[in-house]
Amino acid sequence: MEISYFGEIAEKTNKTSENLQEISDVNSLITFLKITYHLNESDFQIAVNHSIIEISEEKNLEEIDEIAVLSAFAGG
Amino acid sequence: MEISYFGEIAEKTNKTSENLQEISDVNSLITFLKITYHLNESDFQIAVNHSIIEISEEKNLEEIDEIAVLSAFAGG
Amino acid sequence: MHQKLMTKKTKQVFLQGKITPEFIAEMIQNHQTKSEIGAHNIFMGQVRKDVIEGKNVTALHFSCYEEMANKKLEIIREETFEKYHLTCMHIYHSLGRINVGEICLLVFVSAGHRPEVYEATEYIVNRVKSEVPIFGKEIFEDESHQWKKNI
Amino acid sequence: MHQKLMTKKTKQVFLQGKITPEFIAEMIQNHQTKSEIGAHNIFMGQVRKDVIEGKNVTALHFSCYEEMANKKLEIIREETFEKYHLTCMHIYHSLGRINVGEICLLVFVSAGHRPEVYEATEYIVNRVKSEVPIFGKEIFEDESHQWKKNI
């Protein structure tokens with residue numbers, strides 16, 4: 001499954017995307033981000049198919065989903 | 001005493017100013033405007049030294065005062 | 001007091017003819033050296049093709065009682081700065097004939113942060129419309145006219 | 001629904017680099033043929049020289065998640081038109097490095113009459129800031145940076 005990184009998250013992961021086979025739900029993605037990149041939950045937002053989801057949400061992720069990890073918005 | 005006319009009032013009086021010797025207070029000015037130019041009180045405002053006064057005000061006018069008769073504002 | 005009025009520079013508000021897009025661009029450009037500004041808000045009044053009793057408005061013709069108008073505008077300027085946290089404000093109003101589609105009023109407000117700029121702009125526009133002795137005729141296609149009244 | 005989305009023309013919001021005064025003048029010019037318009041309101045975000053822990057900000061660097069951003073902007077556009085009586089609205093946001101004093105956000109709203117333009121502008125600016133995935137770094141004089149966060 002393809003995961004995209006944006007803003008400060010792309011800086012911290014040092015990549016703009018990567019392919020992760022083992023991730024099947026939001027919780028496992030969060031755990032992966034914490035362990036691999038030392039991110040805190042307050043540092044990021046997760047968008048599934050262009051909608052921000054609640055970090056607490058128990059949600060399965062499908063291969064077809066467009067998944068992105070975003071830092072805080074700073075437009076304007 | 002010099003009276004200036006602006007906007008629609010200048011159109012109705014067909015002049016931008018005139019000198020009136022007999023006017024000594026606001027009431028006599030109003031009476032003059034009604035009789036001479038057939039103006040209604042709802043058609044005009046009177047400014048004395050750049051401030052709009054209440055038409056009902058009993059107020060003496062001095063030779064030194066700057067007196068203007070104005071139609072409705074339409075800026076913007 | 002009189003001394004103060006005499007020495008204070010009165011800002012030019014009235015311009016003969018329309019306010020051009022180039023004039024507005026130049027104002028924006030002139031504010032780019034002010035590094036403390038984070039937000040600008042600009043209101044522009046444009047002459048609308050109103051239809052009154054079947055006749056199309058083609059232009060507005062403005063005149064003003066300039067001495068009183070400048071005095072009122074100075075008061076509006078001072079009271080706006082007292083009420084809102086602004087870095088600067090500019091007001092321009094056209095005199096003479098302004099055709100449909102052309103701009104006749106410009107209110108330009110700048111501040112460090114955005115929260116108050118919208119309300120400050122509205123406040124200034126409303127006061128200019130209700131308190132400043134500016135007179136306007138709506139000119140129709142057949143060159144007849146009707147005097148405009150702000151409510 | 002999908003059909004509708006496919007055929008609808010998405011408006012270009014993101015521009016590489018600063019928004020110039022000339023670009024804004026051209027937009028104003030382009031609205032002068034719309035004779036039903038009586039009021040325009042423009043908000044501009046300008047890059048401010050903030051001082052953070054003793055270091056001066058010299059520029060902001062913007063990036064975005066463009067696909068999601070355009071979808072959110074389309075929703076904001078539709079909901080703004082539902083909520084306010086506007087003739088047209090335009091939103092532009094810069095990407096890349098924008099120096100202090102330069103303009104990075106433009107919201108341009110036009111209507112027949114003025115009452116709603118101020119609030120509509122504020123509504124759009126607030127939603128762009130809080131809902132659109134745009135990311136920004138504050139670049140300091142020594143080229144170090146810090147990520148900007150809208151509250």
# chains A, B, ... in the order shown; residues from 1 in each chain; ligands from 1
>>> residues_around(residues="Gly75 of chain A", least_positions_apart="5", cutoff="10 Å", atoms="only C-alpha atoms", output="PyMOL selection string")
chain D and resi 45+62-64+93-95+104-105+125-136+148-150
>>> residues_around(residues="segment 3-10 of chain A", least_positions_apart="2", cutoff="10 Å", atoms="only C-alpha atoms", output="PyMOL selection string")
(chain A and resi 1+12-20+23+29+33+37+39+43-48+65-74) or (chain D and resi 62-65+133-137+146-148)
>>> atom_distance(atom1="atom CA of Glu102 of chain C", atom2="atom CA of Val51 of chain C")
16.9 Å
>>> closest_atom_pairs(of="chain D", to="chain C", cutoff="8 Å", atoms="only C-alpha atoms", output="tab-separated table")
residue	atom	partner	partner_atom	distance
D:Pro21	CA	C:Ala25	CA	4.7
D:Glu22	CA	C:Ala25	CA	6.0
D:Ile24	CA	C:Ala25	CA	6.9
D:Ala25	CA	C:Pro21	CA	4.7
D:Glu26	CA	C:Pro21	CA	7.2
D:Ile28	CA	C:Pro21	CA	6.1
D:Gln29	CA	C:Pro21	CA	6.1
D:His31	CA	C:Gly101	CA	7.6
D:Gln32	CA	C:Gly101	CA	4.4
D:Thr33	CA	C:Gly101	CA	5.9
D:Lys34	CA	C:Gly101	CA	6.6
D:Ser35	CA	C:Lys49	CA	5.3
D:Glu36	CA	C:Arg48	CA	5.5
D:Ile37	CA	C:Arg48	CA	5.7
D:Gly38	CA	C:Gln46	CA	4.7
D:Ala39	CA	C:Gly45	CA	4.7
D:His40	CA	C:Met44	CA	5.1
D:Asn41	CA	C:Phe43	CA	4.6
D:Ile42	CA	C:Ile42	CA	5.1
D:Phe43	CA	C:Asn41	CA	4.6
D:Met44	CA	C:His40	CA	5.1
D:Gly45	CA	C:Ala39	CA	4.7
D:Gln46	CA	C:Gly38	CA	4.7
D:Val47	CA	C:Gly38	CA	5.8
D:Arg48	CA	C:Gly38	CA	5.0
D:Lys49	CA	C:Ser35	CA	5.3
D:Asp50	CA	C:Glu36	CA	7.6
D:Val100	CA	C:Ser35	CA	6.2
D:Gly101	CA	C:Gln32	CA	4.4
D:Glu102	CA	C:Gln32	CA	6.1
D:Gly112	CA	C:Arg48	CA	7.5
D:Tyr118	CA	C:Tyr118	CA	5.6
D:Glu119	CA	C:Tyr118	CA	7.2
D:Thr121	CA	C:Tyr118	CA	7.8
D:Glu122	CA	C:Tyr118	CA	6.7
>>> calpha_fit_and_write(fixed="chain B", moving="chain A", output="short mmCIF file (atom, residue, chain, number, x, y, z; two decimals) with N, CA, C and O atoms, in the first residue's frame")
data_model
loop_
_atom_site.label_atom_id
_atom_site.label_comp_id
_atom_site.auth_asym_id
_atom_site.auth_seq_id
_atom_site.Cartn_x
_atom_site.Cartn_y
_atom_site.Cartn_z
N MET A 1 -25.44 87.22 4.13
CA MET A 1 -24.88 85.93 4.50
C MET A 1 -24.83 85.00 3.28
O MET A 1 -25.79 84.91 2.53
N GLU A 2 -23.70 84.34 3.11
CA GLU A 2 -23.49 83.47 1.95
C GLU A 2 -24.07 82.07 2.23
O GLU A 2 -23.74 81.45 3.25
N ILE A 3 -24.92 81.58 1.34
CA ILE A 3 -25.48 80.23 1.46
C ILE A 3 -25.01 79.43 0.24
O ILE A 3 -25.16 79.89 -0.90
N SER A 4 -24.43 78.23 0.47
CA SER A 4 -23.99 77.39 -0.65
C SER A 4 -24.99 76.26 -0.88
O SER A 4 -25.61 75.76 0.07
N TYR A 5 -25.12 75.86 -2.13
CA TYR A 5 -26.02 74.76 -2.49
C TYR A 5 -25.23 73.64 -3.14
O TYR A 5 -24.34 73.89 -3.95
N PHE A 6 -25.59 72.41 -2.80
CA PHE A 6 -24.86 71.25 -3.34
C PHE A 6 -25.82 70.18 -3.84
O PHE A 6 -26.94 70.04 -3.33
N GLY A 7 -25.34 69.40 -4.79
CA GLY A 7 -26.09 68.25 -5.29
C GLY A 7 -27.40 68.67 -5.94
O GLY A 7 -27.45 69.68 -6.67
N GLU A 8 -28.44 67.92 -5.65
CA GLU A 8 -29.74 68.20 -6.27
C GLU A 8 -30.26 69.59 -5.90
O GLU A 8 -31.02 70.20 -6.65
N ILE A 9 -29.86 70.08 -4.72
CA ILE A 9 -30.31 71.41 -4.30
C ILE A 9 -29.77 72.48 -5.25
O ILE A 9 -30.49 73.40 -5.66
N ALA A 10 -28.52 72.35 -5.64
CA ALA A 10 -27.93 73.31 -6.59
C ALA A 10 -28.65 73.24 -7.93
O ALA A 10 -28.82 74.25 -8.63
N GLU A 11 -29.11 72.03 -8.28
CA GLU A 11 -29.88 71.88 -9.53
C GLU A 11 -31.23 72.60 -9.42
O GLU A 11 -31.64 73.32 -10.33
N LYS A 12 -31.89 72.41 -8.25
CA LYS A 12 -33.23 72.99 -8.09
C LYS A 12 -33.18 74.52 -7.94
O LYS A 12 -34.08 75.22 -8.37
N THR A 13 -32.12 75.03 -7.29
CA THR A 13 -32.01 76.49 -7.12
C THR A 13 -31.37 77.11 -8.36
O THR A 13 -31.39 78.32 -8.53
N ASN A 14 -30.76 76.25 -9.17
CA ASN A 14 -30.05 76.69 -10.37
C ASN A 14 -28.88 77.64 -10.05
O ASN A 14 -28.53 78.51 -10.83
N LYS A 15 -28.31 77.47 -8.85
CA LYS A 15 -27.12 78.23 -8.49
C LYS A 15 -26.32 77.45 -7.44
O LYS A 15 -26.86 76.57 -6.77
N THR A 16 -25.05 77.75 -7.30
CA THR A 16 -24.23 77.03 -6.32
C THR A 16 -24.09 77.84 -5.03
O THR A 16 -23.69 77.30 -4.01
N SER A 17 -24.44 79.14 -5.09
CA SER A 17 -24.46 79.92 -3.85
C SER A 17 -25.19 81.23 -4.10
O SER A 17 -25.41 81.63 -5.25
N GLU A 18 -25.60 81.88 -3.01
CA GLU A 18 -26.17 83.23 -3.13
C GLU A 18 -26.02 83.94 -1.80
O GLU A 18 -25.82 83.31 -0.76
N ASN A 19 -26.10 85.25 -1.86
CA ASN A 19 -25.95 86.06 -0.66
C ASN A 19 -27.31 86.54 -0.18
O ASN A 19 -28.04 87.20 -0.93
N LEU A 20 -27.69 86.18 1.03
CA LEU A 20 -28.99 86.55 1.57
C LEU A 20 -28.79 87.41 2.81
O LEU A 20 -28.19 86.96 3.78
N GLN A 21 -29.30 88.61 2.78
CA GLN A 21 -29.11 89.53 3.90
C GLN A 21 -30.13 89.33 5.01
O GLN A 21 -29.84 89.58 6.17
N GLU A 22 -31.35 88.89 4.65
CA GLU A 22 -32.46 88.90 5.61
C GLU A 22 -32.49 87.67 6.53
O GLU A 22 -33.27 87.64 7.47
N ILE A 23 -31.66 86.67 6.25
CA ILE A 23 -31.74 85.42 7.01
C ILE A 23 -30.93 85.53 8.30
O ILE A 23 -29.74 85.82 8.26
N SER A 24 -31.59 85.29 9.44
CA SER A 24 -30.88 85.42 10.70
C SER A 24 -30.89 84.13 11.53
O SER A 24 -30.17 84.01 12.50
N ASP A 25 -31.77 83.22 11.15
CA ASP A 25 -31.79 81.94 11.87
C ASP A 25 -32.21 80.81 10.94
O ASP A 25 -32.59 81.04 9.79
N VAL A 26 -32.11 79.59 11.44
CA VAL A 26 -32.37 78.41 10.62
C VAL A 26 -33.81 78.40 10.12
O VAL A 26 -34.07 78.11 8.95
N ASN A 27 -34.75 78.77 11.01
CA ASN A 27 -36.15 78.76 10.59
C ASN A 27 -36.42 79.68 9.41
O ASN A 27 -37.16 79.30 8.49
N SER A 28 -35.82 80.85 9.42
CA SER A 28 -36.08 81.76 8.31
C SER A 28 -35.42 81.24 7.02
O SER A 28 -35.95 81.44 5.92
N LEU A 29 -34.30 80.55 7.16
CA LEU A 29 -33.67 79.94 5.98
C LEU A 29 -34.59 78.86 5.38
O LEU A 29 -34.79 78.80 4.17
N ILE A 30 -35.14 78.02 6.27
CA ILE A 30 -36.03 76.96 5.79
C ILE A 30 -37.25 77.56 5.08
O ILE A 30 -37.63 77.12 3.98
N THR A 31 -37.84 78.56 5.67
CA THR A 31 -38.99 79.22 5.06
C THR A 31 -38.62 79.78 3.69
O THR A 31 -39.35 79.61 2.70
N PHE A 32 -37.47 80.43 3.62
CA PHE A 32 -37.00 80.98 2.35
C PHE A 32 -36.87 79.89 1.28
O PHE A 32 -37.31 80.05 0.14
N LEU A 33 -36.27 78.75 1.66
CA LEU A 33 -36.06 77.65 0.69
C LEU A 33 -37.38 77.07 0.20
O LEU A 33 -37.55 76.75 -0.98
N LYS A 34 -38.33 76.96 1.13
CA LYS A 34 -39.64 76.39 0.76
C LYS A 34 -40.37 77.31 -0.21
O LYS A 34 -40.91 76.86 -1.22
N ILE A 35 -40.38 78.60 0.12
CA ILE A 35 -41.15 79.55 -0.68
C ILE A 35 -40.47 79.82 -2.03
O ILE A 35 -41.10 79.77 -3.08
N THR A 36 -39.19 80.07 -1.98
CA THR A 36 -38.51 80.49 -3.21
C THR A 36 -38.27 79.34 -4.17
O THR A 36 -38.42 79.49 -5.38
N TYR A 37 -37.90 78.16 -3.64
CA TYR A 37 -37.51 77.05 -4.52
C TYR A 37 -38.45 75.85 -4.43
O TYR A 37 -38.17 74.81 -5.01
N HIS A 38 -39.53 75.98 -3.66
CA HIS A 38 -40.50 74.89 -3.53
C HIS A 38 -39.84 73.60 -3.04
O HIS A 38 -40.17 72.51 -3.49
N LEU A 39 -38.89 73.72 -2.16
CA LEU A 39 -38.25 72.53 -1.58
C LEU A 39 -39.08 72.02 -0.40
O LEU A 39 -39.70 72.82 0.32
N ASN A 40 -39.08 70.72 -0.21
CA ASN A 40 -39.67 70.13 0.99
C ASN A 40 -38.56 69.90 2.02
O ASN A 40 -37.41 69.68 1.65
N GLU A 41 -38.95 69.89 3.29
CA GLU A 41 -37.95 69.66 4.33
C GLU A 41 -37.26 68.31 4.17
O GLU A 41 -36.11 68.14 4.55
N SER A 42 -37.96 67.33 3.59
CA SER A 42 -37.36 66.01 3.43
C SER A 42 -36.32 65.98 2.28
O SER A 42 -35.60 65.00 2.12
N ASP A 43 -36.28 67.07 1.50
CA ASP A 43 -35.36 67.11 0.34
C ASP A 43 -33.95 67.57 0.72
O ASP A 43 -33.03 67.40 -0.07
N PHE A 44 -33.81 68.25 1.86
CA PHE A 44 -32.51 68.87 2.11
C PHE A 44 -32.01 68.69 3.54
O PHE A 44 -32.77 68.33 4.45
N GLN A 45 -30.72 68.93 3.69
CA GLN A 45 -30.05 68.97 4.99
C GLN A 45 -29.31 70.30 5.05
O GLN A 45 -28.87 70.81 4.02
N ILE A 46 -29.18 70.84 6.26
CA ILE A 46 -28.44 72.09 6.41
C ILE A 46 -27.17 71.83 7.22
O ILE A 46 -27.22 71.21 8.29
N ALA A 47 -26.05 72.27 6.67
CA ALA A 47 -24.78 72.16 7.40
C ALA A 47 -24.33 73.54 7.82
O ALA A 47 -24.30 74.48 7.01
N VAL A 48 -24.03 73.72 9.11
CA VAL A 48 -23.49 74.95 9.62
C VAL A 48 -22.07 74.66 10.10
O VAL A 48 -21.87 73.78 10.96
N ASN A 49 -21.12 75.33 9.50
CA ASN A 49 -19.70 75.09 9.81
C ASN A 49 -19.35 73.60 9.73
O ASN A 49 -18.70 73.04 10.61
N HIS A 50 -19.81 72.99 8.66
CA HIS A 50 -19.47 71.60 8.30
C HIS A 50 -20.13 70.54 9.17
O HIS A 50 -19.74 69.38 9.12
N SER A 51 -21.12 70.95 9.98
CA SER A 51 -21.87 69.95 10.74
C SER A 51 -23.34 70.02 10.36
O SER A 51 -23.91 71.11 10.31
N ILE A 52 -23.94 68.87 10.13
CA ILE A 52 -25.37 68.83 9.83
C ILE A 52 -26.13 69.19 11.11
O ILE A 52 -25.83 68.67 12.19
N ILE A 53 -27.10 70.10 11.00
CA ILE A 53 -27.90 70.44 12.18
C ILE A 53 -29.28 69.83 12.03
O ILE A 53 -29.72 69.51 10.93
N GLU A 54 -29.94 69.66 13.17
CA GLU A 54 -31.34 69.22 13.13
C GLU A 54 -32.16 70.33 12.49
O GLU A 54 -32.03 71.49 12.88
N ILE A 55 -33.02 69.94 11.53
CA ILE A 55 -33.85 70.94 10.84
C ILE A 55 -34.77 71.64 11.84
O ILE A 55 -35.12 72.81 11.70
N SER A 56 -35.14 70.94 12.90
CA SER A 56 -36.04 71.51 13.89
C SER A 56 -35.33 72.48 14.86
O SER A 56 -35.97 73.21 15.60
N GLU A 57 -34.02 72.46 14.81
CA GLU A 57 -33.22 73.26 15.75
C GLU A 57 -33.50 74.77 15.60
O GLU A 57 -33.46 75.29 14.50
N GLU A 58 -33.71 75.41 16.70
CA GLU A 58 -33.80 76.88 16.66
C GLU A 58 -32.41 77.41 16.84
O GLU A 58 -31.81 77.30 17.90
N LYS A 59 -31.86 77.98 15.81
CA LYS A 59 -30.44 78.32 15.86
C LYS A 59 -30.24 79.61 15.10
O LYS A 59 -30.69 79.76 13.96
N ASN A 60 -29.56 80.54 15.73
CA ASN A 60 -29.22 81.79 15.04
C ASN A 60 -28.06 81.54 14.09
O ASN A 60 -27.19 80.71 14.35
N LEU A 61 -28.07 82.26 13.01
CA LEU A 61 -26.98 82.14 12.04
C LEU A 61 -26.21 83.45 12.03
O LEU A 61 -26.80 84.54 12.02
N GLU A 62 -24.88 83.35 12.07
CA GLU A 62 -24.03 84.54 12.10
C GLU A 62 -23.38 84.72 10.72
O GLU A 62 -23.17 83.76 9.98
N GLU A 63 -23.03 85.94 10.43
CA GLU A 63 -22.39 86.28 9.16
C GLU A 63 -21.14 85.41 8.93
O GLU A 63 -20.82 85.02 7.81
N ILE A 64 -20.47 85.07 10.03
CA ILE A 64 -19.21 84.32 9.95
C ILE A 64 -19.41 82.82 9.70
O ILE A 64 -18.48 82.11 9.28
N ASP A 65 -20.63 82.34 9.93
CA ASP A 65 -20.92 80.90 9.76
C ASP A 65 -20.81 80.49 8.29
O ASP A 65 -21.17 81.25 7.39
N GLU A 66 -20.36 79.26 8.08
CA GLU A 66 -20.37 78.69 6.74
C GLU A 66 -21.62 77.83 6.61
O GLU A 66 -21.76 76.81 7.29
N ILE A 67 -22.53 78.26 5.77
CA ILE A 67 -23.85 77.62 5.68
C ILE A 67 -24.02 76.94 4.32
O ILE A 67 -23.75 77.55 3.28
N ALA A 68 -24.48 75.69 4.34
CA ALA A 68 -24.65 74.96 3.09
C ALA A 68 -25.94 74.15 3.14
O ALA A 68 -26.30 73.61 4.19
N VAL A 69 -26.63 74.10 2.02
CA VAL A 69 -27.84 73.29 1.90
C VAL A 69 -27.51 72.13 0.97
O VAL A 69 -27.04 72.33 -0.16
N LEU A 70 -27.74 70.92 1.48
CA LEU A 70 -27.25 69.71 0.81
C LEU A 70 -28.40 68.75 0.50
O LEU A 70 -29.32 68.60 1.31
N SER A 71 -28.33 68.06 -0.60
CA SER A 71 -29.27 66.97 -0.86
C SER A 71 -28.73 65.68 -0.22
O SER A 71 -27.69 65.69 0.44
N ALA A 72 -29.47 64.58 -0.40
CA ALA A 72 -29.08 63.31 0.23
C ALA A 72 -27.68 62.88 -0.21
O ALA A 72 -27.29 63.13 -1.35
N PHE A 73 -26.96 62.24 0.69
CA PHE A 73 -25.61 61.76 0.37
C PHE A 73 -25.71 60.52 -0.52
O PHE A 73 -26.63 59.71 -0.39
N ALA A 74 -24.74 60.39 -1.40
CA ALA A 74 -24.78 59.28 -2.37
C ALA A 74 -23.39 58.75 -2.67
O ALA A 74 -23.14 58.22 -3.75
N GLY A 75 -22.49 58.87 -1.72
CA GLY A 75 -21.12 58.40 -1.96
C GLY A 75 -21.05 56.89 -2.06
O GLY A 75 -21.95 56.19 -1.61
N GLY A 76 -19.99 56.42 -2.68
CA GLY A 76 -19.73 54.97 -2.71
C GLY A 76 -20.18 54.32 -3.99
O GLY A 76 -20.90 54.90 -4.75
#
>>> atom_distance(atom1="atom CA of Ser144 of chain D", atom2="atom CA of Gly96 of chain D")
15.9 Å
>>> closest_residue(among="C:Gly54, C:Arg97, C:Ile151, C:Cys88", to="chain B", atoms="only C-alpha atoms")
C:Ile151
>>> atom_distance(atom1="atom CA of Asn70 of chain C", atom2="atom CA of Thr87 of chain C")
21.0 Å
>>> select_by_dssp(residues="chain C", states="strand (DSSP E)", output="compact mmCIF listing (two decimals) with C-alpha atoms, in the first residue's frame")
# COMPACT_ATOMS: atom_id res chain seq x y z
CA PHE C 14 -11.03 62.77 -4.06
CA LEU C 15 -9.82 61.95 -7.53
CA GLN C 16 -11.16 63.31 -10.80
CA ALA C 39 -3.08 41.19 5.84
CA HIS C 40 -4.69 43.66 3.47
CA ASN C 41 -8.37 44.08 2.75
CA ILE C 42 -9.62 46.19 -0.14
CA PHE C 43 -13.19 47.21 -0.86
CA MET C 44 -14.05 48.59 -4.28
CA GLY C 45 -17.35 50.13 -5.32
CA GLN C 46 -18.05 49.57 -9.02
CA VAL C 51 -32.40 49.43 -14.40
CA ILE C 52 -34.76 52.13 -13.08
CA LYS C 55 -34.08 52.78 -18.24
CA ASN C 56 -30.47 51.57 -17.99
CA VAL C 57 -28.00 53.46 -15.87
CA THR C 58 -24.87 54.12 -17.97
CA ALA C 59 -22.86 56.21 -15.53
CA LEU C 60 -22.80 57.96 -12.18
CA HIS C 61 -21.75 61.58 -11.86
CA PHE C 62 -20.29 62.55 -8.49
CA SER C 63 -19.69 65.90 -6.85
CA CYS C 64 -18.96 66.81 -3.24
CA CYS C 88 -2.56 51.89 7.51
CA MET C 89 -5.74 52.84 5.70
CA HIS C 90 -6.47 54.66 2.47
CA ILE C 91 -9.74 55.96 1.08
CA TYR C 92 -10.24 57.17 -2.50
CA HIS C 93 -13.45 58.42 -4.07
CA SER C 94 -14.05 59.53 -7.65
CA LEU C 95 -15.56 62.82 -8.76
CA GLY C 96 -17.08 63.50 -12.19
CA ARG C 97 -18.55 60.96 -14.57
CA ILE C 98 -17.82 57.28 -13.88
CA ASN C 99 -19.18 54.77 -16.38
CA ILE C 103 -14.51 51.84 -9.92
CA CYS C 104 -15.58 54.91 -7.93
CA LEU C 105 -14.68 54.00 -4.33
CA LEU C 106 -11.62 52.32 -2.86
CA VAL C 107 -11.05 51.52 0.81
CA PHE C 108 -7.69 49.88 1.51
CA VAL C 109 -6.87 48.62 5.00
CA SER C 110 -3.70 46.87 6.20
CA ALA C 111 -2.78 45.23 9.51
CA ILE C 134 -20.89 63.30 -1.70
CA PHE C 135 -23.69 63.71 -4.25
CA GLY C 136 -24.37 61.48 -7.24
CA LYS C 137 -26.57 61.49 -10.31
CA GLU C 138 -27.52 58.30 -12.12
CA ILE C 139 -27.15 59.07 -15.81
CA PHE C 140 -29.40 57.10 -18.17
CA HIS C 145 -30.68 61.70 -14.88
CA GLN C 146 -31.96 60.97 -11.40
CA TRP C 147 -30.31 61.85 -8.08
